[in-house]
Structure formats: C-alpha cells, structure tokens
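> Can you keep this structure in mind? I'll have questions shortly.
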Amino acid sequence: MQLQATHARLGSCNRPVDRLTRQRLVVRSSAVSTSIKQPCSVNLENLGRAEGQTFPLNLYGGKKPSFVGKVVSIERLGGRDKERDVSHIVIDTGGVPFVEGQSFGVQPPGTKLNSRGVEVPQHVRLYSIASSRYGDSGDGKTCTLCVVRVIYPDPATGETVHGLCSNYLCDCKPGDELVMSGPAGTALLLNDNPWNKRIVCVSTGTGIAPFRSFWRRIFFDGIDGQAPQPFSDSAMFWLLSGFANTDSVLYGDELKAALEANPKHMRLDIALSLEQQNGQGGPEYVQDRIHEHAQEFLDLMASDDAIFYFCGLKRMYSSVLEMLETMGREHRGMDVPALIAQLKKSHRWHVETA
Ligand SMILES: Cc1cc2nc3c(=O)[nH]c(=O)nc-3n(C[C@H](O)[C@H](O)[C@H](O)COP(=O)(O)OP(=O)(O)OC[C@H]3O[C@@H](n4cnc5c(N)ncnc54)[C@H](O)[C@@H]3O)c2cc1C
C-alpha cells in the first residue's frame, strides 16, 4: 500500500509515463553490491562537531603528505549513455576518518605545464564521499566515490575531450593505488542529529553522491544494522533528484529499500527530463518537482527546523533558485531571497555545486 503511494509520488502529474514504467523506475536502475542493512563492526559515533567529538578535516594533502587509497571494487551504475557511464568505486583508505557530506581529493597521475610554462603535478580533483563514515565495508576502513566519466566535444575544435581524473577513476581496477587527500569540505555536512530533523536534499546526476552518505547514515549503517538513533515523530529525509532517464537513475534499488523500510520518515521524488513532462509540456527537471510540491516546500522553508541541502551543477541550483522565487511570488508574496539569507545564517541552507 505504502509502496503504491510512493510510486504515485514518483510519477504523478502530467507526464507520459505509464503505471508499469513508474513501478519499474526505481527497480530497474543500478544495483550496488552493498548489504542494505549493515551491522557495522566499529563504533564511529564520536566523529562530529559536538563537544567531545573529533571533526576530521584536511588531514592529508595540501602542505601535508597525501595518503594512498587502494581500489577495492568498481561497479558500473549505468549512466545517461554508454560513454558517460557512472562508477561506484569502493576504496580502502586504511581508516582515514570522515563525516557525511565531505569529499576526498584524488590526484591523477602525470604532469602539466602551469601558466609560467613550468611542469607541475596534475591538480587534485574533489569527489563527494558516497558512503557513510562506516564505509560500504562497515568497518570504517573504506570510502565510496560515485564518479561520472566526463566526455565532451571541445567547443573550439569539436574534438572529443576526455576529462583526465574522471576517466582515470572510471577505468581503474581493484588493487590500483590512488594518491588522495582530505577529507575536505564543510559546506554540505549532515546535521549531527538527523533523526530528529526534517532534511530536504535536492540533486542532479552524481550530485546524489553526498546524499547517499546521508541516507546510509540515517537509515542503515549502525552497530546493529539499524539506524544509529531512534527517529522522532516528525523526522523526515526528503530526496528530490533529477536524472536524464530511467537508465541513469543512481542507487535506485537502495532508495527503494530505504522507502520500503522507512515509509514514515522518507520521501522520494525523481524527475526524468528525457522521459517525463512538466505541467507546461516541457522536460521535467528537479525544480519542476519542487514546484509540484510548492506549498509544502515553502512551508518547510518558513519552518524553524527543516534543513536544506543542494548538490549538483551550478545551473541546476540557479534554476532551482529561480523556481523558488516564482513560487514565493505565486503562493504568498514571500521574499524568498531574504528567507534563504536567513536560512543560511542559521546553518539550514547548504549548497555545493561544481
Ligand atoms: C566539491 C566537489 C565535489 C565533487 N564531487 C563529484 C562527484 O561526487 N562525482 C563526480 O563525478 N564529480 C564530482 N566533482 C567534479 C570533479 O571534481 C571533477 O571536476 C570532474 O570529475 C572532472 O574532472 P576531470 O579531471 O575528469 O576533467 P578535467 O580534465 O579537469 O576537464 C574538465 C574541464 O572540462 C570542462 N568541461 C567539462 N564538461 C564540459 C562540457 N560539456 N563542455 C565544455 N567543457 C566542459 C570543465 O569546465 C573543466 O574545465 C566534484 C567537484 C567538486 C568541486
């Protein structure tokens, strides 16, 4: 019953998706070989920003030495097309600590010429960590990255360009060693007690990576394979995610399992721009999903507890901002920019775009 309601949410509104397609939406997409409920073999509940806790930040890299990560496994998660596949890469870090919402840096091999013509090492690229602090191994000794292969035609010459680090990572094999830095970043940190908060996450494509670390932490990765803490009545994790098509939905099986196990505390809205239409007959983007829930979204923004996280391309975030401003005008004459400024001040509005 609950699952049907969930599927109705996935595919409601004016779009040409039949009931069967809606039901397959999450199921067909990439499976990841992680056990869903994970009894973790160590206790890492001491990591965080509260008093008496340890907050790991920039422990390696920069002026400090890097560390070597070893690829444990790599799985293809599909992608928008065959060329731009996405990889789920589990890396043995030897136990470098991190918290949900942080990134690790990877330095691709080789050198380049800097602006003064001097040969220097390739620069470090950042990748959001897609596992909880326990890692997909459950022992705190691994992290997982979710990497899309960057391939695009050079705007000047039309020649195909292969992004250096993303292709290096998507082509790596178990046993390969990576030069890594971090953990980095404080912009997107999951609240220390998400089990009594309303958490709203908005992403496109691999922008879902940090939110996987959130849902693993919130729902699955605990000492006994249960959420590390009990939920308050109002606690909610609401993920609104945009992808191109059904085949490019990332972590669909895990999301379905999370929904089935936590119907009271989880919501999921997925927009598929190449397969669904918005109310105006155009492609359905994640901001259209927000618009479909305008009243509720604005209520959450005006509440005194909901926390918002956005991760994806810069243009996704600017489209979302435009939509929110339109919604504010349509619904209550709300001054959305002022509200967002206030939410930022109270650390309830978090944005990471690339
Ligand atoms: C905080 C943070 C977290 C990130 N997390 C992730 C993540 O979880 N997963 C992930 O896959 N990536 C993530 N990235 C992006 C990642 O860091 C790299 O930028 C990306 O993988 C490209 O690196 P590359 O070495 O493959 O490409 P490069 O060799 O560095 O080439 C990329 C260059 O090509 C340009 N370019 C890219 N696409 C096009 C295009 N279509 N047309 C024209 N020019 C283009 C870019 O502007 C850039 O200058 C994140 C970035 C940041 C800042």
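Ordering of the structure tokens sets the chain letters (A, B, ...); residue numbers start at 1 within each chain; ligands are numbered from 1 in the order shown.
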Please run DSSP on the backbone and report, as a PyMOL selection string, all residues within segment 137-347 of chain A that come out as alpha helix (DSSP H).
chain A and resi 164-170+209-215+252-261+286-292+294-302+314-331+336-345
> Given a cut-off of 7 Å, what residues near ligand 1 show up using only C-alpha atoms and all ligand atoms, put as number ranges by chain?
A: 103, 125-129, 145-155, 162-167, 206-207, 209, 352-354
> Pick from A:Ser137, A:Asn58, A:Ser181, A:Gln53: nearest to Phe104 of chain A, with only C-alpha atoms counted?
A:Ser181
> Write out as a PyMOL selection string all residues of segment 82-111 of chain A that backbone DSSP assigns to strand (DSSP E).
chain A and resi 85-92+103-107+111
> Generate a file of the selected residues that holds N, CA, C and O atoms, formatted as a tab-separated table (two decimals), in the first residue's frame.

```tsv
chain	number	residue	atom	x	y	z
A	85	ASP	N	29.35	6.78	-18.56
A	85	ASP	CA	28.90	5.89	-17.50
A	85	ASP	C	29.30	6.44	-16.13
A	85	ASP	O	30.17	7.30	-16.02
A	86	VAL	N	28.65	5.90	-15.11
A	86	VAL	CA	28.95	6.32	-13.73
A	86	VAL	C	29.50	5.11	-12.99
A	86	VAL	O	29.00	4.00	-13.15
A	87	SER	N	30.53	5.31	-12.19
A	87	SER	CA	31.14	4.20	-11.45
A	87	SER	C	31.01	4.41	-9.95
A	87	SER	O	31.16	5.52	-9.44
A	88	HIS	N	30.73	3.29	-9.28
A	88	HIS	CA	30.64	3.25	-7.81
A	88	HIS	C	31.95	2.59	-7.36
A	88	HIS	O	32.16	1.40	-7.61
A	89	ILE	N	32.83	3.37	-6.76
A	89	ILE	CA	34.19	2.88	-6.51
A	89	ILE	C	34.45	2.82	-5.00
A	89	ILE	O	34.40	3.85	-4.31
A	90	VAL	N	34.68	1.61	-4.51
A	90	VAL	CA	34.98	1.44	-3.08
A	90	VAL	C	36.51	1.44	-2.93
A	90	VAL	O	37.21	0.71	-3.63
A	91	ILE	N	36.99	2.29	-2.03
A	91	ILE	CA	38.44	2.49	-1.88
A	91	ILE	C	38.86	2.23	-0.44
A	91	ILE	O	38.24	2.77	0.50
A	92	ASP	N	39.88	1.41	-0.28
A	92	ASP	CA	40.45	1.16	1.05
A	92	ASP	C	41.29	2.38	1.43
A	92	ASP	O	42.29	2.67	0.77
A	103	SER	N	34.27	15.45	1.16
A	103	SER	CA	34.81	14.93	-0.10
A	103	SER	C	36.24	14.45	0.13
A	103	SER	O	36.89	14.86	1.09
A	104	PHE	N	36.71	13.60	-0.77
A	104	PHE	CA	38.13	13.27	-0.82
A	104	PHE	C	38.70	13.82	-2.13
A	104	PHE	O	37.98	13.90	-3.14
A	105	GLY	N	39.98	14.19	-2.12
A	105	GLY	CA	40.65	14.61	-3.33
A	105	GLY	C	41.38	13.43	-3.95
A	105	GLY	O	41.88	12.56	-3.24
A	106	VAL	N	41.44	13.41	-5.28
A	106	VAL	CA	42.22	12.40	-5.99
A	106	VAL	C	43.16	13.15	-6.94
A	106	VAL	O	42.72	14.05	-7.66
A	107	GLN	N	44.45	12.78	-6.89
A	107	GLN	CA	45.40	13.41	-7.80
A	107	GLN	C	45.69	12.46	-8.96
A	107	GLN	O	46.28	11.39	-8.75
A	111	THR	N	51.85	15.09	-15.29
A	111	THR	CA	52.16	16.50	-15.03
A	111	THR	C	51.50	17.37	-16.09
A	111	THR	O	50.98	16.88	-17.09
```
> From the options A:Thr186, A:Ser273, A:Gln342, A:Ser132, which residue's atoms come nearest to Pro56 of chain A, counting only C-alpha atoms?
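Selected residue with least distance to Pro56 of chain A: A:Thr186.
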> Using only C-alpha atoms, which protein or nucleic acid residues come within 6 Å of Met266 of chain A? Drop anything in the same chain fewer than 4 positions from it, and give the result as a short mmCIF file (atom, residue, chain, number, x, y, z; two decimals) with C-alpha atoms, in the first residue's frame.

```cif
data_model
loop_
_atom_site.label_atom_id
_atom_site.label_comp_id
_atom_site.auth_asym_id
_atom_site.auth_seq_id
_atom_site.Cartn_x
_atom_site.Cartn_y
_atom_site.Cartn_z
CA MET A 236 11.98 13.13 7.61
CA PHE A 237 14.51 12.64 4.84
CA TRP A 238 13.11 14.00 1.56
CA LEU A 259 11.49 3.77 1.25
CA ASN A 262 11.07 3.74 6.41
#
```
> Neighbouring residues of Asp136 of chain A were defined as those with any atom within 9 Å, considering only C-alpha atoms; residues of the same chain fewer than 5 positions away were excluded. Please report them as a compact mmCIF listing (two decimals) with all heavy atoms, in the first residue's frame.

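Below you can see part_29.txt, which holds the result:
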```txt
# COMPACT_ATOMS: atom_id res chain seq x y z
N THR A 34 26.10 -3.75 -1.96
CA THR A 34 26.25 -3.44 -0.54
C THR A 34 25.06 -4.09 0.15
O THR A 34 23.96 -3.99 -0.36
CB THR A 34 26.09 -1.93 -0.29
OG1 THR A 34 26.87 -1.26 -1.24
CG2 THR A 34 26.47 -1.54 1.10
N SER A 35 25.28 -4.71 1.30
CA SER A 35 24.11 -5.20 2.01
C SER A 35 23.35 -3.97 2.48
O SER A 35 23.95 -2.97 2.87
CB SER A 35 24.52 -6.07 3.18
OG SER A 35 25.36 -5.33 4.02
N GLN A 38 23.39 -2.68 7.40
CA GLN A 38 24.77 -3.06 7.60
C GLN A 38 25.17 -3.05 9.07
O GLN A 38 25.26 -1.99 9.67
CB GLN A 38 25.64 -2.07 6.83
CG GLN A 38 27.10 -2.33 7.00
CD GLN A 38 27.89 -1.68 5.90
OE1 GLN A 38 28.25 -2.33 4.95
NE2 GLN A 38 28.15 -0.40 6.03
N VAL A 90 34.68 1.61 -4.51
CA VAL A 90 34.98 1.44 -3.08
C VAL A 90 36.51 1.44 -2.93
O VAL A 90 37.21 0.71 -3.63
CB VAL A 90 34.38 0.13 -2.52
CG1 VAL A 90 34.74 -0.06 -1.05
CG2 VAL A 90 32.86 0.14 -2.70
N SER A 131 29.57 7.15 0.78
CA SER A 131 29.26 6.16 1.82
C SER A 131 29.17 6.90 3.15
O SER A 131 29.68 8.01 3.28
CB SER A 131 30.35 5.10 1.91
OG SER A 131 31.60 5.72 2.14
N LYS A 141 36.96 1.46 7.24
CA LYS A 141 38.27 1.45 6.55
C LYS A 141 38.16 1.77 5.06
O LYS A 141 39.15 1.74 4.34
CB LYS A 141 38.93 0.08 6.74
CG LYS A 141 39.31 -0.20 8.18
CD LYS A 141 40.52 -1.09 8.27
CE LYS A 141 40.92 -1.42 9.69
NZ LYS A 141 41.00 -0.26 10.57
N THR A 142 36.94 2.01 4.58
CA THR A 142 36.80 2.35 3.16
C THR A 142 35.95 3.61 2.99
O THR A 142 35.22 4.01 3.91
CB THR A 142 36.10 1.23 2.35
OG1 THR A 142 34.76 1.08 2.82
CG2 THR A 142 36.83 -0.09 2.45
N CYS A 143 36.07 4.21 1.81
CA CYS A 143 35.11 5.24 1.40
C CYS A 143 34.63 4.83 0.01
O CYS A 143 35.25 4.01 -0.65
CB CYS A 143 35.76 6.62 1.34
SG CYS A 143 36.87 6.81 -0.06
N THR A 144 33.50 5.40 -0.40
CA THR A 144 32.99 5.11 -1.74
C THR A 144 32.85 6.41 -2.51
O THR A 144 32.38 7.41 -1.96
CB THR A 144 31.62 4.41 -1.64
OG1 THR A 144 31.81 3.17 -0.98
CG2 THR A 144 31.03 4.16 -3.02
N ASP A 221 23.38 2.38 8.40
CA ASP A 221 24.69 1.96 8.89
C ASP A 221 24.83 2.21 10.38
O ASP A 221 25.24 3.29 10.82
CB ASP A 221 25.81 2.71 8.13
CG ASP A 221 25.82 2.35 6.65
OD1 ASP A 221 25.07 1.44 6.26
OD2 ASP A 221 26.59 2.96 5.91
```
> Write out as a list in words the residues lying within 10 Å of Pro230 of chain A, counting only C-alpha atoms and excluding same-chain residues fewer than 4 positions away.
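Near Pro230 of chain A, the qualifying residues are Trp195, Asn196, Ile218, Phe219, Gln226 and Ala235 of chain A.
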> For a quick check of understanding, using only C-alpha atoms, which of A:Asn46, A:Gln229, A:Asn191, A:Asn278 has the smallest distance to His350 of chain A?
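Closest candidate: A:Asn191.
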> When distances are computed from only C-alpha atoms, which of A:Leu272, A:Gly48, A:Pro210, A:Gln287 shows the smallest separation from Thr326 of chain A?
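That would be A:Gln287, the residue with the smallest distance to Thr326 of chain A.
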> Between A:Glu177, A:Asp288, A:Glu325, A:Glu254, which residue has the minimum interatomic distance to Phe67 of chain A, considering only C-alpha atoms?
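Nearest candidate to Phe67 of chain A out of A:Glu177, A:Asp288, A:Glu325, A:Glu254: A:Glu177.
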> Determine, counting only C-alpha atoms, which protein, DNA and RNA residues have an atom within 12 Å of an atom of Arg198 of chain A; residues of the same chain fewer than 4 positions away are not included. Present the result as a PyMOL selection string.
chain A and resi 190-191+193-194+218+231-239+264-267+297+299-301+303-309+348
> Near Tyr60 of chain A, within 12 Å and counting only C-alpha atoms, which residues show up once chain neighbours fewer than 2 positions away are dropped, as number ranges by chain?
A: 56-58, 62-69, 93, 96-98, 104-106, 179-184
> Enter the distance from atom CA of Lys70 of chain A to atom CA of Cys172 of chain A, in Å, rounded to one decimal.
10.2 Å
> Please determine, counting only C-alpha atoms, which residue among A:Val72, A:Leu298, A:Val32, A:Leu77 has the shortest atom-to-atom distance to Asp247 of chain A.
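Once distances to Asp247 of chain A are computed over only C-alpha atoms, the minimum belongs to A:Leu77.
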> Enter the distance from atom CA of Ala302 of chain A to atom CA of Met323 of chain A, in Å, rounded to one decimal.
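About the pair atom CA of Ala302 of chain A and atom CA of Met323 of chain A: they are 16.2 Å apart.
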> Atom CA of Asn43 of chain A and atom CA of Val99 of chain A are how many Å apart?
13.1 Å
